[in-house]
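J.: The structure follows.
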Amino acid sequence: MVWVCAAPAHAEQVQVRDDYGNDVRLAAPARRIVSLSPHLTELLYAAGAGSRVVGALEYSDYPAEALRLPRVGSEASIDLEAVIALGPDLIVAWPNAGSVRAVNRLAELRFAVFRSEPRELDDIPRSLERLGILAGTSDEAARAAAAFRARVRDLELRYSKRPRVRVFYQVWDRPLLTVNGDHVISKVMRLCGGENVFAGLPLIAPEIDREAVVQANPDAIIASAASLDPWKAFPDLAAVANGQLYAIPADLLQRHTPRLLDGAERLCRLLEQVRTRS
């Protein structure tokens with residue numbers, strides 16, 4: 001939900017609701033923003049607010065301009081003093097196990113905090129729109145959001161009704177991690193006519209063992225990190241027997257940004273290869 005509130009001419013008050021249901025109010029559009037997640041840094045730039053970002057976490061590396069931002073720690077260790085010293089009028093954050101305590105502390109200190117927890121593809125353009133309102137860049141953010149939704153519709157029309165391809169997505173190999181059906185990566189798979197073989201697991205990013213993958217016997221294995229070569233030790237796997245082992249850069253599927261659709265396009269093309277070879 002989004003509001004733009006009436007205000008005197010000298011102050012354009014803005015208000016949005018974040019992904020946790022919290023109302024985020026600013027007396028005027030933000031001019032000093034600190035980002036506590038690489039995906040939010042990228043979203044801010046996509047929403048036209050890059051010039052307003054004054055600090056970010058490590059790995060905020062896209063676009064190239066973000067590399068020059070002062071660093072305020074990592075997702076596992078946010079430097080509260082560094083954040084406060086930058087004097088932000090808005091903090092954007094993705095609370096997780098490593099950062100939630102620091103994010104909550106900043107809110108307790110009365111900083112305006114926008115919390116992001118994207119789960120659906122449409123959460124990305126919705127985030128662009130809300131960040132654009134908070135930063136006073138609504139027009140550019142709206143254009144970026146519309147372009148994203150148009151690309152989703154195009155991919156859906158082209159691929160979502162194609163014959164199902166059963167996919168194992170490997171987030172990491174030690175430990176072996178995947179995603180369940182609630183993760184946005186699973187939504188990308190469905191957009192491409194794919195089916196996550198571990199969609200039914202209860203945790204959003206569960207740890208599994210190789211025997212579980214062997215039992216699931218996916219048609220294709222997609223990895224975002226680490227080598228796919230260890231799977232060649234399992235020649236009876238359909239994905240191995242048919243040569244359907246593929247890598248897609250993690251930033252193109254694991255960051256909730258417009259570039260997710262670059263990863264989606266790659267995935268859709270790869271699943272078409274699987275169908276052709278099958």
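Identifiers in the structure tokens: chain A, B, ... in order shown; residue index from 1 per chain; ligand index from 1 in order shown.
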Using only C-alpha atoms, what table do you get, as a Markdown table, when you list each residue of range 103-127 of chain A with an atom no more than 9 Å from range 77-89 of chain A, its nearest pair of atoms, and their distance in Å rounded to one decimal, rows by chain then rising number?

T.:
| residue | atom | partner | partner_atom | distance |
| --- | --- | --- | --- | --- |
| A:Val103 | CA | A:Ile78 | CA | 8.6 |
| A:Arg105 | CA | A:Leu80 | CA | 8.6 |
| A:Leu106 | CA | A:Leu80 | CA | 7.7 |
| A:Phe111 | CA | A:Asp89 | CA | 6.9 |
| A:Ala112 | CA | A:Asp89 | CA | 6.5 |
| A:Val113 | CA | A:Asp89 | CA | 9.0 |

J.: Skipping near chain neighbours, those fewer than 4 positions away, what residues fall within 7 Å of range 219-228 of chain A using only C-alpha atoms, listed as a list in words?

T.: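 Non-adjacent residues within range: Val165, Arg166, Val167, Phe168, Tyr169, Gln170, Val171, Trp172, Asp173, Ala238, Ala239, Gln244, Leu245, Tyr246, Ala247, Ile248, Pro249 and Ala250 of chain A.
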
J.: DSSP on the backbone: which residues in range 78-253 of chain A end up as strand (DSSP E)? Give the answer as a PyMOL selection string.

T.: chain A and resi 78+90-93+113-115+165-170+172-173+176-177+194-196+220-223+245-247

J.: Which neighbours of Arg259 in chain A fall inside 12 Å, counting only C-alpha atoms, when residues of the same chain fewer than 4 positions from it are skipped, and could you give them as a CSV table (one decimal) with N, CA, C and O atoms, in the first residue's frame?

T.:
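Now in part_18.csv:
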chain,number,residue,atom,x,y,z
A,39,HIS,N,20.8,-6.0,-2.8
A,39,HIS,CA,19.7,-5.9,-3.7
A,39,HIS,C,19.0,-4.6,-3.6
A,39,HIS,O,18.5,-4.0,-4.6
A,42,GLU,N,20.9,-1.8,-5.5
A,42,GLU,CA,20.6,-1.9,-6.9
A,42,GLU,C,19.2,-1.4,-7.2
A,42,GLU,O,19.0,-0.7,-8.2
A,43,LEU,N,18.2,-1.7,-6.4
A,43,LEU,CA,16.9,-1.2,-6.6
A,43,LEU,C,16.8,0.3,-6.5
A,43,LEU,O,16.1,1.0,-7.3
A,46,ALA,N,18.0,1.7,-9.7
A,46,ALA,CA,17.0,1.4,-10.8
A,46,ALA,C,15.8,2.3,-10.6
A,46,ALA,O,15.2,2.7,-11.6
A,62,TYR,N,26.6,-3.2,-7.9
A,62,TYR,CA,25.9,-2.9,-9.2
A,62,TYR,C,24.8,-1.8,-9.0
A,62,TYR,O,24.1,-1.9,-8.0
A,63,PRO,N,24.8,-0.8,-9.8
A,63,PRO,CA,25.7,-0.6,-11.0
A,63,PRO,C,27.1,-0.1,-10.5
A,63,PRO,O,27.4,-0.1,-9.3
A,121,LEU,N,7.5,-12.2,-7.7
A,121,LEU,CA,8.1,-11.4,-8.8
A,121,LEU,C,7.6,-10.0,-8.8
A,121,LEU,O,8.3,-9.0,-9.0
A,124,ILE,N,9.2,-7.0,-6.8
A,124,ILE,CA,10.3,-6.2,-7.3
A,124,ILE,C,9.8,-4.8,-7.9
A,124,ILE,O,10.2,-3.8,-7.5
A,125,PRO,N,8.8,-4.8,-8.8
A,125,PRO,CA,8.3,-3.5,-9.3
A,125,PRO,C,7.6,-2.7,-8.2
A,125,PRO,O,7.7,-1.5,-8.1
A,144,ALA,N,10.6,2.1,-14.6
A,144,ALA,CA,11.3,0.9,-14.4
A,144,ALA,C,10.4,-0.2,-14.0
A,144,ALA,O,10.6,-1.4,-14.4
A,147,ALA,N,8.4,-1.4,-17.1
A,147,ALA,CA,9.3,-2.2,-17.9
A,147,ALA,C,9.5,-3.6,-17.4
A,147,ALA,O,9.5,-4.6,-18.1
A,148,PHE,N,9.6,-3.8,-16.1
A,148,PHE,CA,9.8,-5.1,-15.4
A,148,PHE,C,8.6,-5.9,-15.7
A,148,PHE,O,8.6,-7.1,-16.1
A,151,ARG,N,8.2,-7.2,-19.2
A,151,ARG,CA,9.1,-8.4,-19.5
A,151,ARG,C,8.6,-9.6,-18.9
A,151,ARG,O,8.7,-10.7,-19.5
A,152,VAL,N,8.0,-9.6,-17.7
A,152,VAL,CA,7.5,-10.7,-17.0
A,152,VAL,C,6.3,-11.3,-17.9
A,152,VAL,O,6.2,-12.5,-18.1
A,249,PRO,N,24.9,-17.0,-13.3
A,249,PRO,CA,25.5,-16.2,-12.2
A,249,PRO,C,24.5,-15.9,-11.1
A,249,PRO,O,23.4,-15.5,-11.4
A,250,ALA,N,25.0,-16.0,-9.9
A,250,ALA,CA,24.1,-15.8,-8.7
A,250,ALA,C,23.4,-14.5,-8.7
A,250,ALA,O,22.2,-14.4,-8.4
A,251,ASP,N,24.1,-13.4,-9.1
A,251,ASP,CA,23.5,-12.1,-9.1
A,251,ASP,C,22.3,-12.0,-10.0
A,251,ASP,O,21.4,-11.1,-9.8
A,252,LEU,N,22.2,-12.9,-11.0
A,252,LEU,CA,21.1,-12.8,-11.9
A,252,LEU,C,19.9,-13.6,-11.5
A,252,LEU,O,18.8,-13.5,-12.1
A,253,LEU,N,20.0,-14.4,-10.4
A,253,LEU,CA,18.8,-15.1,-10.0
A,253,LEU,C,18.6,-14.9,-8.5
A,253,LEU,O,17.5,-15.2,-8.0
A,254,GLN,N,19.6,-14.5,-7.7
A,254,GLN,CA,19.5,-14.5,-6.3
A,254,GLN,C,19.4,-13.1,-5.7
A,254,GLN,O,19.2,-12.9,-4.5
A,255,ARG,N,19.4,-12.1,-6.6
A,255,ARG,CA,19.1,-10.7,-6.2
A,255,ARG,C,17.7,-10.3,-6.7
A,255,ARG,O,17.4,-10.5,-7.9
A,263,GLY,N,18.4,-13.1,-15.6
A,263,GLY,CA,18.6,-14.5,-15.2
A,263,GLY,C,17.4,-15.4,-15.7
A,263,GLY,O,17.6,-16.5,-16.1
A,264,ALA,N,16.2,-14.9,-15.6
A,264,ALA,CA,15.0,-15.6,-16.0
A,264,ALA,C,15.1,-15.9,-17.5
A,264,ALA,O,14.8,-17.1,-17.9
A,265,GLU,N,15.5,-15.0,-18.3
A,265,GLU,CA,15.6,-15.2,-19.8
A,265,GLU,C,16.6,-16.3,-20.0
A,265,GLU,O,16.4,-17.2,-20.9
A,266,ARG,N,17.8,-16.3,-19.3
A,266,ARG,CA,18.7,-17.4,-19.5
A,266,ARG,C,18.1,-18.7,-19.1
A,266,ARG,O,18.3,-19.7,-19.8

J.: Residues at most 7 Å from Leu237 in chain A, counting only C-alpha atoms, excluding those fewer than 4 positions away in the same chain, as a list in words?

T.: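 What passes the distance filter is Val214, Asn217 and Ala241 of chain A.
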
J.: One decimal, Å: what's the distance from CA of Ala102 in chain A over to CA of Ile185 in chain A, could you say?

T.: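 Separation between CA of Ala102 in chain A and CA of Ile185 in chain A: 27.1 Å.
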